[in-house]
>>> print(open('target-v8.tsv').read())   # TSV, C-alpha atoms
chain	number	residue	atom	x	y	z
A	239	MET	CA	79.78	182.23	54.27
A	240	LEU	CA	82.64	182.16	51.82
A	241	THR	CA	84.77	179.05	51.54
A	242	SER	CA	88.53	179.48	51.59
A	243	GLU	CA	88.65	178.69	47.86
A	244	GLN	CA	86.08	181.38	47.05
A	245	HIS	CA	87.97	183.79	49.27
A	246	ALA	CA	91.24	183.05	47.46
A	247	ALA	CA	89.51	183.37	44.08
A	248	GLY	CA	88.09	186.73	45.11
A	249	LYS	CA	91.53	187.97	46.17
A	250	GLU	CA	92.98	186.78	42.88
A	251	HIS	CA	90.19	188.58	41.00
A	252	MET	CA	90.90	191.80	42.91
A	253	LYS	CA	94.60	191.47	42.13
A	254	ILE	CA	93.92	191.03	38.40
A	255	GLU	CA	91.59	194.04	38.39
A	256	PHE	CA	94.20	196.15	40.18
A	257	VAL	CA	96.96	195.10	37.81
A	258	SER	CA	94.82	195.64	34.73
A	259	SER	CA	93.78	199.16	35.77
A	260	ALA	CA	97.42	200.14	36.31
A	261	ASP	CA	98.27	198.58	32.98
A	262	ALA	CA	95.39	200.37	31.31
A	263	VAL	CA	96.80	203.71	32.50
A	264	LEU	CA	100.24	202.80	31.16
A	265	ASP	CA	98.72	201.65	27.88
A	266	GLU	CA	96.84	204.95	27.54
A	267	THR	CA	99.99	206.95	28.29
A	268	ASN	CA	101.89	205.04	25.64
A	269	TYR	CA	99.06	205.37	23.14
A	270	ARG	CA	98.80	209.12	23.72
A	271	GLU	CA	102.54	209.56	23.14
A	272	ALA	CA	102.36	207.47	19.98
A	273	VAL	CA	99.42	209.49	18.59
A	274	GLU	CA	101.19	212.77	19.34
A	275	THR	CA	104.40	211.54	17.69
A	276	LEU	CA	102.56	210.36	14.57
A	277	MET	CA	100.69	213.65	14.40
A	278	ARG	CA	103.93	215.62	14.75
A	279	LEU	CA	105.58	213.54	12.02
A	280	ARG	CA	102.47	213.84	9.81
A	281	SER	CA	102.56	210.10	9.39
A	282	ASP	CA	100.45	208.39	6.76
A	283	LYS	CA	100.59	205.05	8.60
A	284	ALA	CA	97.30	203.65	9.87
A	285	ILE	CA	96.92	202.67	13.51
A	286	GLY	CA	94.19	200.76	15.32
A	287	ASN	CA	91.73	202.93	17.25
A	288	SER	CA	89.05	200.53	18.38
A	289	LEU	CA	89.09	200.87	22.17
A	290	PRO	CA	86.92	203.68	23.62
A	291	SER	CA	89.84	204.97	25.70
A	292	HIS	CA	92.02	205.12	22.58
A	293	ALA	CA	89.25	206.83	20.62
A	294	ALA	CA	89.00	209.42	23.43
A	295	ILE	CA	92.76	210.04	23.23
A	296	LEU	CA	92.50	210.51	19.47
A	297	PHE	CA	89.62	212.99	19.71
A	298	GLU	CA	91.59	214.87	22.34
A	299	ALA	CA	94.51	215.08	19.92
A	300	PHE	CA	92.17	216.17	17.12
A	301	PHE	CA	90.73	219.01	19.21
A	302	ARG	CA	94.17	220.09	20.45
A	303	ASN	CA	95.86	220.09	17.04
A	304	ALA	CA	93.04	221.32	14.81
A	305	GLN	CA	93.76	224.45	12.83
A	306	GLY	CA	90.44	224.66	11.04
A	307	ARG	CA	87.56	222.29	11.63
A	308	VAL	CA	86.90	218.97	13.32
A	309	ARG	CA	84.04	217.05	11.73
A	310	ILE	CA	82.42	214.19	13.60
A	311	PHE	CA	79.84	211.76	12.24
A	312	CYS	CA	78.71	209.30	14.87
A	313	GLN	CA	75.72	207.65	16.45
A	314	ASN	CA	75.19	209.68	19.62
A	315	LEU	CA	78.51	211.04	20.96
A	316	ASN	CA	78.98	208.02	23.20
A	317	ASN	CA	79.73	209.00	26.77
A	318	HIS	CA	82.48	206.35	27.02
A	319	VAL	CA	84.45	208.30	24.44
A	320	PHE	CA	83.27	211.90	24.59
A	321	GLY	CA	82.46	211.89	28.28
A	322	ILE	CA	86.15	211.71	29.23
A	323	ASN	CA	87.30	214.94	30.90
A	324	GLY	CA	90.28	215.33	28.56
A	325	VAL	CA	88.03	215.31	25.50
A	326	VAL	CA	85.65	217.93	26.92
A	327	GLU	CA	88.56	220.12	28.03
A	328	SER	CA	90.33	219.95	24.69
A	329	ALA	CA	87.05	220.65	22.84
A	330	THR	CA	86.56	223.73	25.03
A	331	ILE	CA	90.13	224.85	24.31
A	332	ALA	CA	89.55	224.30	20.58
A	333	LEU	CA	86.47	226.53	20.56
A	334	ASN	CA	88.30	229.19	22.55
A	335	ARG	CA	90.94	229.40	19.84
A	336	LYS	CA	88.30	231.18	17.68
A	337	ASN	CA	89.66	229.88	14.37
A	338	VAL	CA	88.66	226.29	15.09
A	339	GLY	CA	85.16	224.99	14.50
A	340	ILE	CA	83.48	221.74	15.49
A	341	ASP	CA	80.81	220.16	13.30
A	342	ILE	CA	78.90	217.25	14.77
A	343	LEU	CA	76.49	215.10	12.83
A	344	ILE	CA	74.70	212.43	14.80
A	345	GLN	CA	72.40	209.59	13.86
A	346	ASP	CA	70.30	209.35	17.02
A	347	ALA	CA	67.69	211.88	18.14
A	348	THR	CA	69.73	213.11	21.11
A	349	PRO	CA	73.39	212.96	22.15
A	350	ASP	CA	74.38	210.64	24.97
A	351	SER	CA	73.97	212.41	28.29
A	352	GLY	CA	77.17	213.21	30.13
A	353	PRO	CA	79.90	215.87	30.34
A	354	PHE	CA	79.99	216.36	26.58
A	355	LEU	CA	76.25	217.08	26.44
A	356	LYS	CA	76.84	219.67	29.15
A	357	PHE	CA	79.60	221.16	26.98
A	358	LEU	CA	77.17	221.28	24.05
A	359	GLN	CA	74.59	223.02	26.21
A	360	GLU	CA	77.12	225.58	27.39
A	361	ASN	CA	78.16	226.35	23.81
A	362	ARG	CA	74.74	226.12	22.17
A	363	THR	CA	74.92	229.74	21.01
A	364	ASN	CA	78.53	229.51	19.83
A	365	PRO	CA	78.52	229.72	16.00
A	366	LEU	CA	81.73	227.70	15.86
A	367	LEU	CA	79.92	224.64	17.18
A	368	ARG	CA	77.30	223.13	14.90
A	369	LEU	CA	75.26	220.11	15.94
A	370	ARG	CA	72.93	218.42	13.50
A	371	ARG	CA	71.10	215.16	12.94
A	372	VAL	CA	71.07	213.32	9.63
A	373	ASP	CA	67.69	213.29	7.92
A	374	LYS	CA	67.75	210.13	5.84
A	375	GLU	CA	66.53	207.04	7.62
A	376	THR	CA	69.12	204.76	6.01
A	377	THR	CA	71.98	207.09	6.97
A	378	ARG	CA	70.66	207.11	10.53
A	379	SER	CA	71.06	203.35	10.67
A	380	ALA	CA	74.36	203.20	8.74
A	381	PRO	CA	77.05	201.29	10.66
A	382	ILE	CA	79.81	203.64	9.48
A	383	ASN	CA	81.18	206.36	11.72
A	384	PHE	CA	84.01	208.70	10.88
A	385	SER	CA	85.72	211.89	11.98
A	386	ILE	CA	88.10	214.23	10.21
A	387	MET	CA	90.50	216.83	11.59
A	388	ASP	CA	91.16	219.69	9.17
A	389	ASN	CA	91.95	218.15	5.79
A	390	GLU	CA	94.54	215.81	7.19
A	391	ALA	CA	93.75	213.37	9.97
A	392	LEU	CA	90.90	210.91	10.13
A	393	ARG	CA	89.30	208.19	12.19
A	394	TYR	CA	87.20	205.62	10.41
A	395	GLU	CA	84.98	202.95	11.90
A	396	LYS	CA	83.69	200.52	9.32
A	397	ASP	CA	81.12	198.92	11.57
A	398	ARG	CA	80.54	200.32	15.02
A	399	GLU	CA	78.92	197.03	16.13
A	400	LYS	CA	82.20	195.20	15.48
A	401	VAL	CA	84.21	197.99	17.14
A	402	LYS	CA	87.02	197.99	14.62
A	403	ALA	CA	88.34	201.42	13.83
A	404	PHE	CA	91.54	202.85	12.47
A	405	ALA	CA	93.09	206.30	12.39
A	406	ILE	CA	95.56	208.04	10.10
A	407	MET	CA	97.21	211.29	11.12
A	408	PHE	CA	98.01	212.54	7.62
A	409	ALA	CA	95.94	211.34	4.70
A	410	PRO	CA	94.75	214.41	2.76
A	411	ASN	CA	93.26	212.40	-0.11
A	412	LEU	CA	91.18	210.10	2.08
A	413	ALA	CA	90.25	213.00	4.35
A	414	GLY	CA	89.09	214.91	1.25
A	415	LEU	CA	86.82	212.02	0.23
A	416	LEU	CA	85.30	211.86	3.69
A	417	ILE	CA	84.85	215.64	3.91
A	418	GLU	CA	83.03	215.65	0.56
A	419	LYS	CA	80.57	213.03	1.80
A	420	TYR	CA	80.31	214.70	5.20
A	421	GLU	CA	79.40	218.06	3.72
A	422	LYS	CA	76.68	216.47	1.60
A	423	MET	CA	75.22	214.74	4.63
A	424	PHE	CA	75.58	217.91	6.70
A	425	ALA	CA	73.69	219.94	4.10
A	426	ALA	CA	70.89	217.38	4.16
A	427	SER	CA	70.46	217.40	7.92
A	428	THR	CA	68.51	219.34	10.51
A	429	PRO	CA	69.99	221.41	13.35
A	430	LEU	CA	69.50	219.73	16.68
A	431	GLN	CA	68.07	221.72	19.54
A	432	ILE	CA	69.84	220.88	22.75
A	433	PRO	CA	67.50	221.02	25.72
A	434	ILE	CA	68.65	223.28	28.55
A	435	ILE	CA	68.99	221.36	31.75
A	436	GLU	CA	67.87	223.35	34.75
A	437	PRO	CA	70.43	223.46	37.57
A	438	ASP	CA	69.69	221.10	40.46
A	439	VAL	CA	67.56	222.73	43.08
A	440	ALA	CA	68.69	222.04	46.62
A	441	ILE	CA	65.99	220.57	48.77
B	149	MET	CA	142.88	222.39	-40.20
B	150	VAL	CA	143.07	220.04	-37.30
B	151	VAL	CA	144.22	221.48	-34.02
B	152	PRO	CA	145.84	218.86	-31.90
B	153	ILE	CA	144.57	218.89	-28.35
B	154	PHE	CA	146.93	217.70	-25.67
B	155	ILE	CA	145.60	216.93	-22.28
B	156	VAL	CA	148.37	217.16	-19.80
B	157	HIS	CA	147.56	215.00	-16.85
B	158	ASP	CA	149.07	216.81	-13.91
B	159	ARG	CA	148.58	214.64	-10.85
B	160	SER	CA	149.55	217.40	-8.39
B	161	ALA	CA	147.01	219.82	-9.88
B	162	ALA	CA	144.29	217.16	-9.64
B	163	ARG	CA	145.16	216.55	-6.01
B	164	ILE	CA	145.05	220.25	-5.24
B	165	THR	CA	141.63	220.56	-6.86
B	166	PHE	CA	140.50	217.58	-4.82
B	167	ILE	CA	141.81	219.21	-1.63
B	168	GLU	CA	139.95	222.43	-2.46
B	169	ILE	CA	136.68	220.60	-3.01
B	170	THR	CA	137.23	218.54	0.15
B	171	PHE	CA	137.93	221.70	2.15
B	172	GLY	CA	134.68	223.28	0.93
B	173	LEU	CA	132.63	220.17	1.64
B	174	ASN	CA	134.06	219.67	5.12
B	175	LEU	CA	133.64	223.32	5.99
B	176	ALA	CA	130.04	223.26	4.78
B	177	PHE	CA	129.41	220.06	6.71
B	178	ALA	CA	130.94	221.51	9.90
B	179	THR	CA	129.24	224.89	9.58
B	180	TYR	CA	125.74	224.15	8.36
B	181	GLU	CA	123.85	222.80	11.33
B	182	LYS	CA	120.70	222.46	9.21
B	183	PHE	CA	122.42	220.20	6.72
B	184	ARG	CA	123.59	217.76	9.42
B	185	ALA	CA	120.20	218.00	11.13
B	186	TYR	CA	118.52	217.15	7.82
B	187	ILE	CA	120.42	213.88	7.52
B	188	LYS	CA	119.84	213.11	11.19
B	189	ASP	CA	116.12	213.82	10.86
B	190	ILE	CA	115.70	211.35	8.02
B	191	PHE	CA	116.75	208.47	10.25
B	192	ASP	CA	115.17	209.83	13.44
B	193	THR	CA	111.79	210.30	11.76
B	194	ASN	CA	111.78	206.82	10.31
B	195	LEU	CA	112.55	205.15	13.62
B	196	ASP	CA	110.18	207.42	15.56
B	197	GLU	CA	107.36	206.50	13.20
B	198	TYR	CA	108.11	202.79	13.50
B	199	ILE	CA	108.25	203.02	17.30
B	200	ALA	CA	105.05	205.08	17.56
B	201	GLN	CA	103.24	202.64	15.29
B	202	SER	CA	104.46	199.69	17.37
B	203	ILE	CA	103.37	201.37	20.61
B	204	ALA	CA	99.96	202.32	19.23
B	205	SER	CA	99.07	198.68	18.52
B	206	GLU	CA	96.02	197.52	20.46
B	207	THR	CA	95.91	194.39	22.57
B	208	GLU	CA	93.33	191.75	21.65
B	209	LYS	CA	90.51	191.62	24.16
B	210	SER	CA	90.90	187.88	24.70
B	211	LYS	CA	94.58	188.35	25.51
B	212	ILE	CA	94.22	191.29	27.87
B	213	GLU	CA	95.89	189.32	30.67
B	214	HIS	CA	99.18	189.80	28.81
B	215	GLN	CA	98.80	193.59	29.00
B	216	SER	CA	101.48	194.12	31.66
B	217	ARG	CA	104.04	192.13	29.68
B	218	ILE	CA	103.10	193.96	26.48
B	219	ASN	CA	103.43	197.32	28.26
B	220	ALA	CA	106.89	196.33	29.50
B	221	LEU	CA	107.95	195.40	25.99
B	222	LYS	CA	106.51	198.63	24.58
B	223	ASN	CA	108.53	200.55	27.16
B	224	GLU	CA	111.64	198.69	26.01
B	225	ILE	CA	110.91	199.80	22.45
B	226	LYS	CA	110.47	203.38	23.66
B	227	ALA	CA	113.84	203.17	25.43
B	228	ILE	CA	115.42	202.03	22.17
B	229	GLY	CA	114.06	205.16	20.47
B	230	THR	CA	115.60	207.39	23.15
B	231	LYS	CA	118.91	205.55	22.91
B	232	HIS	CA	118.95	205.93	19.14
B	233	MET	CA	118.22	209.64	19.44
B	234	ASN	CA	121.09	210.14	21.93
B	235	GLU	CA	123.57	208.19	19.84
B	236	GLN	CA	122.61	210.11	16.71
B	237	LEU	CA	123.23	213.34	18.63
B	238	GLU	CA	126.65	212.15	19.80
B	239	LEU	CA	127.51	211.00	16.29
B	240	ASN	CA	126.42	214.37	14.94
B	241	GLY	CA	128.70	216.22	17.37
B	242	PHE	CA	131.62	213.89	16.74
B	243	MET	CA	131.32	214.23	12.97
B	244	LYS	CA	131.16	218.00	13.26
B	245	ILE	CA	134.53	217.99	15.07
B	246	LEU	CA	135.96	215.50	12.56
B	247	ALA	CA	134.85	217.72	9.65
B	248	MET	CA	136.50	220.72	11.31
B	249	VAL	CA	139.75	218.78	11.77
B	250	ALA	CA	139.56	217.57	8.17
B	251	SER	CA	139.03	221.09	6.79
B	252	ALA	CA	141.91	222.40	8.94
B	253	SER	CA	144.06	219.54	7.62
B	254	CYS	CA	143.15	220.54	4.05
B	255	LEU	CA	144.41	224.06	4.77
B	256	GLY	CA	147.56	222.64	6.40
B	257	VAL	CA	148.28	220.40	3.41
B	258	LEU	CA	147.94	223.37	1.06
B	259	CYS	CA	149.87	225.84	3.25
B	260	PHE	CA	152.83	223.61	3.82
B	261	ASP	CA	152.77	222.20	0.30
B	262	LEU	CA	152.37	218.63	1.49
B	263	VAL	CA	150.28	217.46	-1.46
B	264	ASP	CA	153.00	215.38	-3.06
B	265	LEU	CA	154.26	214.15	0.27
B	266	CYS	CA	150.82	212.89	1.30
B	267	GLY	CA	150.11	211.40	-2.12
B	268	ASP	CA	146.79	209.59	-2.51
B	269	GLN	CA	146.37	209.50	1.25
B	270	ILE	CA	144.68	212.90	1.01
B	271	ALA	CA	141.57	210.94	-0.05
B	272	PHE	CA	140.93	210.30	3.64
B	273	LEU	CA	140.22	214.00	4.19
B	274	ILE	CA	136.85	213.69	2.48
B	275	SER	CA	135.78	210.84	4.77
B	276	PRO	CA	133.69	212.67	7.48
B	277	PHE	CA	130.65	213.22	5.24
B	278	PRO	CA	130.26	209.68	3.79
B	279	LEU	CA	131.30	208.23	7.15
B	280	TYR	CA	128.52	210.17	8.87
B	281	VAL	CA	125.91	208.96	6.42
B	282	LEU	CA	127.10	205.36	6.73
B	283	LEU	CA	127.26	205.40	10.53
B	284	SER	CA	123.84	207.05	10.76
B	285	MET	CA	122.40	204.38	8.50
B	286	PHE	CA	124.03	201.64	10.51
B	287	CYS	CA	122.77	203.16	13.78
B	288	PHE	CA	119.25	203.39	12.38
B	289	TRP	CA	119.17	199.84	11.05
B	290	PHE	CA	120.68	198.45	14.25
B	291	TYR	CA	118.05	200.04	16.50
B	292	ARG	CA	115.25	199.34	14.08
B	293	TYR	CA	116.29	195.66	14.11
B	294	LYS	CA	116.38	195.68	17.92
B	295	ALA	CA	112.90	197.25	18.09
B	296	SER	CA	111.48	194.75	15.63
B	297	ARG	CA	112.95	191.86	17.67
B	298	ILE	CA	111.14	193.14	20.76
B	299	LYS	CA	107.90	193.71	18.83
B	300	LYS	CA	108.02	190.10	17.67
B	301	GLN	CA	107.61	189.05	21.29
B	302	TYR	CA	104.15	190.59	21.59
B	303	VAL	CA	102.90	190.53	18.04
B	304	ASP	CA	100.76	187.43	18.78
B	305	PHE	CA	98.85	189.30	21.49
B	306	ILE	CA	97.89	192.38	19.51
B	307	LYS	CA	95.08	192.93	17.05
B	308	LYS	CA	96.22	192.17	13.54
B	309	PHE	CA	95.73	195.23	11.39
B	310	GLU	CA	93.77	193.78	8.49
B	311	SER	CA	92.28	196.94	7.05
B	312	ASP	CA	93.23	198.51	3.78
B	313	PRO	CA	92.29	202.11	4.60
B	314	PRO	CA	91.74	203.48	1.06
B	315	SER	CA	89.56	200.59	-0.09
B	316	ASP	CA	87.71	200.39	3.26
B	317	ILE	CA	86.81	204.08	3.10
B	318	LYS	CA	85.82	203.95	-0.57
B	319	LYS	CA	83.61	200.89	0.04
B	320	GLY	CA	82.03	202.55	3.06
B	321	LEU	CA	81.28	205.74	1.14
B	322	GLU	CA	79.90	203.74	-1.78
B	323	SER	CA	77.55	201.90	0.57
B	324	LEU	CA	76.37	205.24	2.02
B	325	ASP	CA	75.79	206.56	-1.52
B	326	ALA	CA	73.87	203.42	-2.42
B	327	GLN	CA	71.67	203.90	0.64
B	328	ASP	CA	71.12	207.53	-0.32
B	329	ASN	CA	70.09	206.52	-3.84
B	330	TYR	CA	67.75	203.88	-2.41
B	331	ASP	CA	66.17	206.55	-0.22
B	332	GLU	CA	65.73	208.94	-3.15
B	333	ASP	CA	64.20	206.21	-5.36
B	334	ASN	CA	61.73	205.26	-2.65
B	335	THR	CA	60.78	208.90	-2.11
B	336	GLU	CA	60.08	209.28	-5.83
B	337	ASP	CA	57.86	206.15	-5.77
B	338	THR	CA	55.81	207.42	-2.92
>>> encode(input="target-v8.tsv", output="structure tokens")
Amino acid sequence: MLTSEQHAAGKEHMKIEFVSSADAVLDETNYREAVETLMRLRSDKAIGNSLPSHAAILFEAFFRNAQGRVRIFCQNLNNHVFGINGVVESATIALNRKNVGIDILIQDATPDSGPFLKFLQENRTNPLLRLRRVDKETTRSAPINFSIMDNEALRYEKDREKVKAFAIMFAPNLAGLLIEKYEKMFAASTPLQIPIIEPDVAI
Amino acid sequence: MVVPIFIVHDRSAARITFIEITFGLNLAFATYEKFRAYIKDIFDTNLDEYIAQSIASETEKSKIEHQSRINALKNEIKAIGTKHMNEQLELNGFMKILAMVASASCLGVLCFDLVDLCGDQIAFLISPFPLYVLLSMFCFWFYRYKASRIKKQYVDFIKKFESDPPSDIKKGLESLDAQDNYDEDNTEDT
């Protein structure tokens, strides 16, 4: 049996959760607008991009605005970021544009299961989508993660354990440095076979 | 042989030249939309970038309970951006009309031979262009100041941006290279 104090505390907790989810939506809307504005202005100012929801918004913007290639180097395509519907949709749109390619280099043996893995399975024969795993053991355990859109925008995470990342919408020089390293790592990596998941059989 | 050169300073001729230049400048200012838009864009872009950067700041996890207040303040900053944009548009339209009036006045002064009558007051006819630049600057700085005042209210609750992107990236890539070299050395040993 709940005491009146516990009951009140529970109500308060529910209220906070409700308020914070509404605020989170507003925060994401604002963040999305800000990213789009900075991308439109080709801004060279760095912005924080540590939260998974913010990272998802950024990847969405990368896929939507890419003119050439989006390169991603990460641990396992975390479902909290890549599993968001908007990211999967924009990645699909990017591949449908025909002139846009997506290169993914992961550190783990398999990508995180979720909607993005499904997207990878659906596009496993698409030559515009390349998924590989780094070969070197030390690179597999490296804390750095980064992504580059075309030769312009980038997201850089110094240490994924500390969850501190930043993004710049227009930094050709820095993007060039990252692309150079990425291509070296990509060349020294093995293509990853994505297992086909059989459709659920109704019992 | 020395040829004496006399420079006759004809004040009326100088004024007429001034009027002609002023007429051309005002007409160009009133006619070329792109030119006015270029000046407007300089200030718009700067404020837009500042506002977007302010809005993109992330709240510290430990201070997430302030999120609703921070969101409200971010919305206020957004509203400032919209207000600035509208006022710049109005200013742009107003200055276009003023430049048209000024160029028509230049023609009037020349047609009715009012140069001597107006005297040095004709200097005012060139005012729309510098006035536009000055007012645009003032408008930009005013709204930028207002936005920064609002940002100050939530700056304690957001993550301080401590990174230096170029050096962070270079260090990160160097550490990856070092790991690669370590791998290669070990492979050679084995």
>>> residues_around(input="target-v8.tsv", residues="A:Gln431", least_positions_apart="3", cutoff="9 Å", atoms="only C-alpha atoms", output="MDAnalysis selection string")
chainID A and resid 348 362 369:370
>>> write_last_selection(input="target-v8.tsv", atoms="C-alpha atoms", output="short mmCIF file (atom, residue, chain, number, x, y, z; two decimals), keeping the file's coordinate frame")
data_model
loop_
_atom_site.label_atom_id
_atom_site.label_comp_id
_atom_site.auth_asym_id
_atom_site.auth_seq_id
_atom_site.Cartn_x
_atom_site.Cartn_y
_atom_site.Cartn_z
CA THR A 348 69.73 213.11 21.11
CA ARG A 362 74.74 226.12 22.17
CA LEU A 369 75.26 220.11 15.94
CA ARG A 370 72.93 218.42 13.50
#
>>> interface_residues(input="target-v8.tsv", of="chain A", to="chain B", cutoff="9 Å", atoms="only C-alpha atoms", output="VMD selection string")
chain A and resid 254 257 to 258 260 to 262 264 to 265 268 to 276 279 281 283 to 289 292 374 to 377 380 382 394 396 404 to 406 412 415 to 416 419
>>> atom_distance(input="target-v8.tsv", atom1="atom CA of B:Glu238", atom2="atom CA of B:Phe166")
28.8 Å
>>> residues_near_point(input="target-v8.tsv", point="(86.0, 229.6, 15.1)", cutoff="10 Å", atoms="all atoms listed in the file", output="list in words")
Gln305, Gly306, Arg307, Ala332, Leu333, Asn334, Arg335, Lys336, Asn337, Val338, Gly339, Ile340, Asn364, Pro365, Leu366 and Leu367 of chain A
>>> atom_distance(input="target-v8.tsv", atom1="atom CA of A:Asn389", atom2="atom CA of A:Met277")
13.1 Å
>>> atom_distance(input="target-v8.tsv", atom1="atom CA of B:Gly241", atom2="atom CA of B:Thr165")
27.8 Å
